[in-house]
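K.L.:
This is the structure I have questions about; it appears just below.
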Amino acid sequence: MDRILIVEDDAETAAAVAAVVRGLGCDPVHRDTLEAGVAEAAGNFKVIVLDRTLPGGDGVDAIARIRAGGSHALILVLSALGRAAQRVEGLEKGADDYLPKPFEEDELRARLRALLRRGTMQVLDNDLLAFGDLEIRMKARTVHVKREHVAVSPKEFELLTFFARNAGQIVTRMQLLENVWNLHFDPGTNVVDVHVGRLRRKLEEAGSHAIQTARGEGYVFAPLPQPPGEGA
Amino acid sequence: MTPGAAAAAVSGDHRPLRARATLRLAAGMALAVALVSVLAMGLGYRLVETRLTEAQRALLSADMDSLAALYEQRRIIALREAIDFRIAADGPEMLLLMDRNGTVLAGTLEAWPAGLTAEGKTFTVDPAQEFRSDGGHWLVVARELPGGFPLLVGRSLAPVDATLAALRQGMAVLLAAILAIGAGVGWVAARWVMRRIGRVNALADRVASGQLDARLSGPRSGDEFGLLETHVHGMLDRIEALNRATHRLSDTIAHEMRTPLNRMLRKLDKIEGQEEVTAEVRAEMHQAIRVFDSLLDISRAEADQGGGGLVPVDISAVVAEVWDLYEALAEDKGLTTGAEIKPGLTVLGDRHLIAQMVANLLDNAIKYCAPGDSLRLVLSGRDRAVLRVVDTGPGLPDEMKSEAFERFTRAERDRAKGIKGHGLGLALVRAIAMRHGARLTLPRVEKGLTVEIAWPRELG
């Protein structure tokens with residue numbers, strides 16, 4: 001069972017994170033000070049959920065120490081310091097992902113899943129990604145559904161490969177904005193939905209229902225099996 | 001650009017002033033010393049001149065006394081003998097005795113000099129006259145003795161003139177030396193003062209470029225400059241402490257507000273069966289955080305204004321990326337869109353802030369435009385990037401133009417139309433433009449709103 005370390009001084013938040021971790025089938029370990037967290041991080045963890053304003057200091061400043069301690073865990077910073085500049089600072093200082101508080105549990109779940117997968121599945125270096133009828137050729141940057149070419153814009157291609165990399169998992173709008181557009185502020189509008197909608201329509205016109213809206217916070221790329229009731 | 005380069009750019013503006021004030025001071029002091037010396041030397045010169053002339057007059061007076069004594073005994077005969085005797089001695093004298101017909105009885109001259117008239121009959125030294133002839137300079141007493149015998153007795157002033165000439169020469173050399181030494185000392189002093197002030201100037205430039213923790217290294221001297229450095233350091237320590245406190249405060253506020261909000265969200269998660277209400281509460285909470293973050297972002301950008309920490313950013317790429325994101329939204333709303341983005345432009349900036357600024361501008365335009373309006377984005381420029389976001393929407397009422405970029409400014413008609421917003425989007429745009437030293441203007445247009453942002457010329 002994968003172990004996830006939670007370094008968090010707010011008991012209620014820690015309990016909520018632990019519940020999400022258990023829901024993912026992982027084993028949570030909780031520490032409530034920075035020193036105890038850094039000491040514990042040397043153990044075998046898949047992911048570390050790290051707060052910033054902790055008794056003992058700023059979690060982001062401790063990332064280098066955690067790495068120096070020999071940890072290969074992926075680090076998700078979960079912090080009340082959630083402005084765009086602070087998120088960028090956290091990522092620049094070595095965090096693998098950064099989620100501001102207050103957070104939605106779905107969002108946290110999606111992020112943790114993405115990190116857990118990143119830990120196991122290595123980068124897709126195959127040229128051809130095939131999901132049933134849907135084929136993505138990485139080098140040529142082309143998409144085919146049922147052998148038919150689907151014309152997509154460069155951004156739509158990046159969007160699709162991000163979905164493909166997280167196939168079967170919920171990805172949130174925030175994740176798409178951060179990973180596909182490299183933007184770390186909350187635009188407060190449905191900009192991402194418009195792009196996902198376009199890509200989705202193109203795929204659907206070609207006969208693929210790979211992208212679906214997930215209840216709540218995002219989308220799920222589930223090319224297999226075909227959704228029941230939808231004629232292909 | 002590195003902070004050092006920024007500092008150099010800033011201090012470049014001060015260069016023309018280099019050492020001017022101190023050199024002026026040094027030159028002034030050298031001139032003052034020289035002037036006082038000239039006055040002192042002038043007084044000395046007058047004194048010497050007077051004394052030497054007095055001495056010649058005393059000699060002349062003695063001559064006259066002895067001639068008077070001889071004249072008392074044997075009149076003209078005695079005078080003639082005495083004059084012949086003195087001519088044999090060949091002193092620096094001018095002597096002449098004539099009879100009433102103008103015949104020379106005795107003397108060093110062959111005729112009465114032109115331009116000299118005899119005055120009085122007595123053997124006193126007064127009145128004496130100064131008289132020049134054949135390159136000689138004389139102090140003479142000219143008399144006509146009873147019976148019509150003109151008498152001329154003179155002493156040469158040449159030794160006096162020679163002494164005074166030597167004195168003048170010495171004084172000129174001395175004055176030149178005083179000026180040269182004064183200028184030299186002034187130059188050295190100016191260099192020294194400039195170096196000491198230059199240290200403080202360089203420090204101020206570094207601080208202005210954003211290095212709040214910059215300090216002067218090395219020991220502090222006990223003089224006024226050391227005191228100035230100590231005071232500047234004290235001032236900087238205070239600024240740095242205040243700055244840190246401000247940042248800490250905004251972080252603390254964020255933490256103290258977001259942590260309870262987070263607990264509220266966890267409790268909302270547990271509520272079942274009222275999906276619509278909880279979704280609204282969630283949306284309200286996220287909106288509150290957005291407003292709060294915008295306010296902090298604005299004050300942060302304003303506090304960092306003109307500071308360092310900016311790096312070269314491919315603004316063409318950033319603008320293209322954000323345009324790509326928002327163009328789809330505009331098209332979906334039924335706007336006609338178009339963009340001209342000149343590739344390869346770079347500015348000194350913060351990629352994320354620029355992206356946020358462009359996003360806010362586009363979001364704002366899309367929000368106010370109605371289907372059928374057009375939205376265009378133009379990024380142009382040769383040596384400086386100029387971004388224009390042009391829409392044909394309702395534009396801004398004239399009375400709002402001046403305050404459109406203030407916090408919480410919203411047009412009445414928006415409230416009436418139900419357009420949501422807090423009036424922070426454009427305030428953040430302005431703060432980010434100022435952070436980059438860019439100029440934000442609203443060019444006059446016939447229809448709609450055009451926002452223009454001109455980045456400063458790139459250095460180097």
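So you can find residues: chains in the structure tokens are A, B, ... in the order shown, residues in each start at 1, and ligands are numbered from 1 in order.
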Give the residues of chain A that lie within 9 Å of chain B; count only C-alpha atoms, and format the answer as a PyMOL selection string.
P.N.:
chain A and resi 10+12-13+16+53+79-85+88+100-105+155+181-195+198
K.L.:
Please identify every residue of region 39-122 of chain A that has at least one atom no farther than 12 Å from an atom of region 169-176 of chain A, counting only C-alpha atoms, and for each give the shortest atom pair and the distance in Å to one decimal, arranged by chain then increasing number, as JSON lines.
P.N.:
```
{"residue": "A:Asp97", "atom": "CA", "partner": "A:Gln175", "partner_atom": "CA", "distance": 9.5}
{"residue": "A:Tyr98", "atom": "CA", "partner": "A:Gln175", "partner_atom": "CA", "distance": 10.0}
{"residue": "A:Leu99", "atom": "CA", "partner": "A:Met174", "partner_atom": "CA", "distance": 9.4}
{"residue": "A:Pro100", "atom": "CA", "partner": "A:Met174", "partner_atom": "CA", "distance": 10.9}
{"residue": "A:Phe103", "atom": "CA", "partner": "A:Met174", "partner_atom": "CA", "distance": 11.3}
{"residue": "A:Glu104", "atom": "CA", "partner": "A:Thr172", "partner_atom": "CA", "distance": 10.5}
{"residue": "A:Glu105", "atom": "CA", "partner": "A:Thr172", "partner_atom": "CA", "distance": 11.4}
{"residue": "A:Asp106", "atom": "CA", "partner": "A:Thr172", "partner_atom": "CA", "distance": 8.4}
{"residue": "A:Glu107", "atom": "CA", "partner": "A:Thr172", "partner_atom": "CA", "distance": 6.5}
{"residue": "A:Leu108", "atom": "CA", "partner": "A:Thr172", "partner_atom": "CA", "distance": 9.7}
{"residue": "A:Arg109", "atom": "CA", "partner": "A:Ile170", "partner_atom": "CA", "distance": 8.6}
{"residue": "A:Ala110", "atom": "CA", "partner": "A:Ile170", "partner_atom": "CA", "distance": 5.8}
{"residue": "A:Arg111", "atom": "CA", "partner": "A:Gln175", "partner_atom": "CA", "distance": 7.8}
{"residue": "A:Leu112", "atom": "CA", "partner": "A:Gln169", "partner_atom": "CA", "distance": 10.7}
{"residue": "A:Arg113", "atom": "CA", "partner": "A:Gln169", "partner_atom": "CA", "distance": 7.5}
{"residue": "A:Ala114", "atom": "CA", "partner": "A:Gln169", "partner_atom": "CA", "distance": 7.8}
{"residue": "A:Leu115", "atom": "CA", "partner": "A:Gln169", "partner_atom": "CA", "distance": 11.4}
{"residue": "A:Leu116", "atom": "CA", "partner": "A:Gln169", "partner_atom": "CA", "distance": 11.4}
{"residue": "A:Arg117", "atom": "CA", "partner": "A:Gln169", "partner_atom": "CA", "distance": 9.8}
```
K.L.:
Quick one, how far is CA of Glu224 (chain B) from CA of Leu31 (chain B)?
P.N.:
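These two atoms are separated by 24.9 Å.
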K.L.:
Report, in Å to a single decimal, how far apart CA of Leu216 (chain B) and CA of Ala202 (chain B) are.
P.N.:
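Separating CA of Ala202 (chain B) from CA of Leu216 (chain B) is a distance of 9.3 Å.
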K.L.:
What does the distance between CA of Ala180 (chain B) and CA of Met41 (chain B) come to in Å, to one decimal place?
P.N.:
17.3 Å
K.L.:
Please identify the alpha helix (DSSP H) residues within region 112-211 of chain A (assignment by DSSP from backbone atoms) and present them as a VMD selection string.
P.N.:
chain A and resid 112 to 120 154 to 165 173 to 180 191 to 206
K.L.:
Residues at most 10 Å from Val7 (chain A), counting only C-alpha atoms, excluding those fewer than 2 positions away in the same chain, as a PyMOL selection string?
P.N.:
chain A and resi 4-5+9-10+14+29-38+40-41+48-52+54+59+77-78
K.L.:
Would you mind exporting the chosen residues as a compact mmCIF listing (two decimals), in the first residue's frame, restricted to N, CA and C atoms?
P.N.:
```
# COMPACT_ATOMS: atom_id res chain seq x y z
N ILE A 4 1.38 8.00 2.06
CA ILE A 4 1.40 9.44 1.77
C ILE A 4 1.59 10.19 3.09
N LEU A 5 2.58 11.09 3.11
CA LEU A 5 2.88 11.87 4.32
C LEU A 5 2.12 13.19 4.27
N ASP A 9 -0.61 21.52 10.15
CA ASP A 9 -0.82 21.82 11.56
C ASP A 9 -2.30 21.97 11.92
N ASP A 10 -3.16 22.15 10.91
CA ASP A 10 -4.58 22.29 11.21
C ASP A 10 -5.22 20.89 11.22
N ALA A 14 -6.04 18.29 8.17
CA ALA A 14 -5.28 17.03 8.10
C ALA A 14 -6.22 15.84 8.02
N VAL A 29 0.11 9.24 6.71
CA VAL A 29 0.91 9.44 7.92
C VAL A 29 0.88 10.94 8.20
N HIS A 30 0.49 11.33 9.41
CA HIS A 30 0.32 12.76 9.69
C HIS A 30 1.38 13.27 10.67
N ARG A 31 2.01 14.39 10.32
CA ARG A 31 2.92 15.10 11.24
C ARG A 31 2.46 16.56 11.29
N ASP A 32 2.53 17.19 12.48
CA ASP A 32 1.98 18.54 12.55
C ASP A 32 3.00 19.65 12.78
N THR A 33 4.29 19.32 12.70
CA THR A 33 5.28 20.41 12.68
C THR A 33 6.25 20.17 11.53
N LEU A 34 6.93 21.24 11.13
CA LEU A 34 7.84 21.14 9.99
C LEU A 34 8.98 20.17 10.29
N GLU A 35 9.55 20.31 11.52
CA GLU A 35 10.71 19.46 11.86
C GLU A 35 10.34 17.99 11.82
N ALA A 36 9.21 17.65 12.46
CA ALA A 36 8.77 16.25 12.49
C ALA A 36 8.50 15.77 11.07
N GLY A 37 7.92 16.66 10.25
CA GLY A 37 7.61 16.30 8.87
C GLY A 37 8.86 16.01 8.06
N VAL A 38 9.85 16.92 8.19
CA VAL A 38 11.09 16.73 7.43
C VAL A 38 11.79 15.45 7.88
N GLU A 40 10.39 12.78 9.15
CA GLU A 40 9.60 11.64 8.68
C GLU A 40 9.75 11.42 7.17
N ALA A 41 10.00 12.51 6.44
CA ALA A 41 10.03 12.45 4.97
C ALA A 41 11.09 11.51 4.44
N ILE A 48 4.17 13.59 -0.69
CA ILE A 48 4.13 14.35 0.56
C ILE A 48 3.19 15.54 0.35
N VAL A 49 2.17 15.64 1.20
CA VAL A 49 1.29 16.81 1.17
C VAL A 49 1.82 17.78 2.21
N LEU A 50 2.31 18.95 1.74
CA LEU A 50 3.09 19.83 2.61
C LEU A 50 2.40 21.18 2.76
N ASP A 51 2.18 21.58 4.02
CA ASP A 51 1.63 22.91 4.31
C ASP A 51 2.77 23.92 4.26
N ARG A 52 2.44 25.20 4.20
CA ARG A 52 3.52 26.21 4.20
C ARG A 52 3.67 26.87 5.56
N LEU A 54 3.73 26.60 8.81
CA LEU A 54 3.78 25.54 9.81
C LEU A 54 4.54 26.02 11.04
N GLY A 59 7.02 25.49 4.71
CA GLY A 59 7.22 24.18 4.09
C GLY A 59 8.00 24.26 2.79
N VAL A 77 2.22 20.89 -2.47
CA VAL A 77 2.08 21.93 -1.45
C VAL A 77 0.60 22.29 -1.35
N LEU A 78 0.11 22.26 -0.13
CA LEU A 78 -1.30 22.57 0.12
C LEU A 78 -1.30 23.73 1.11
```
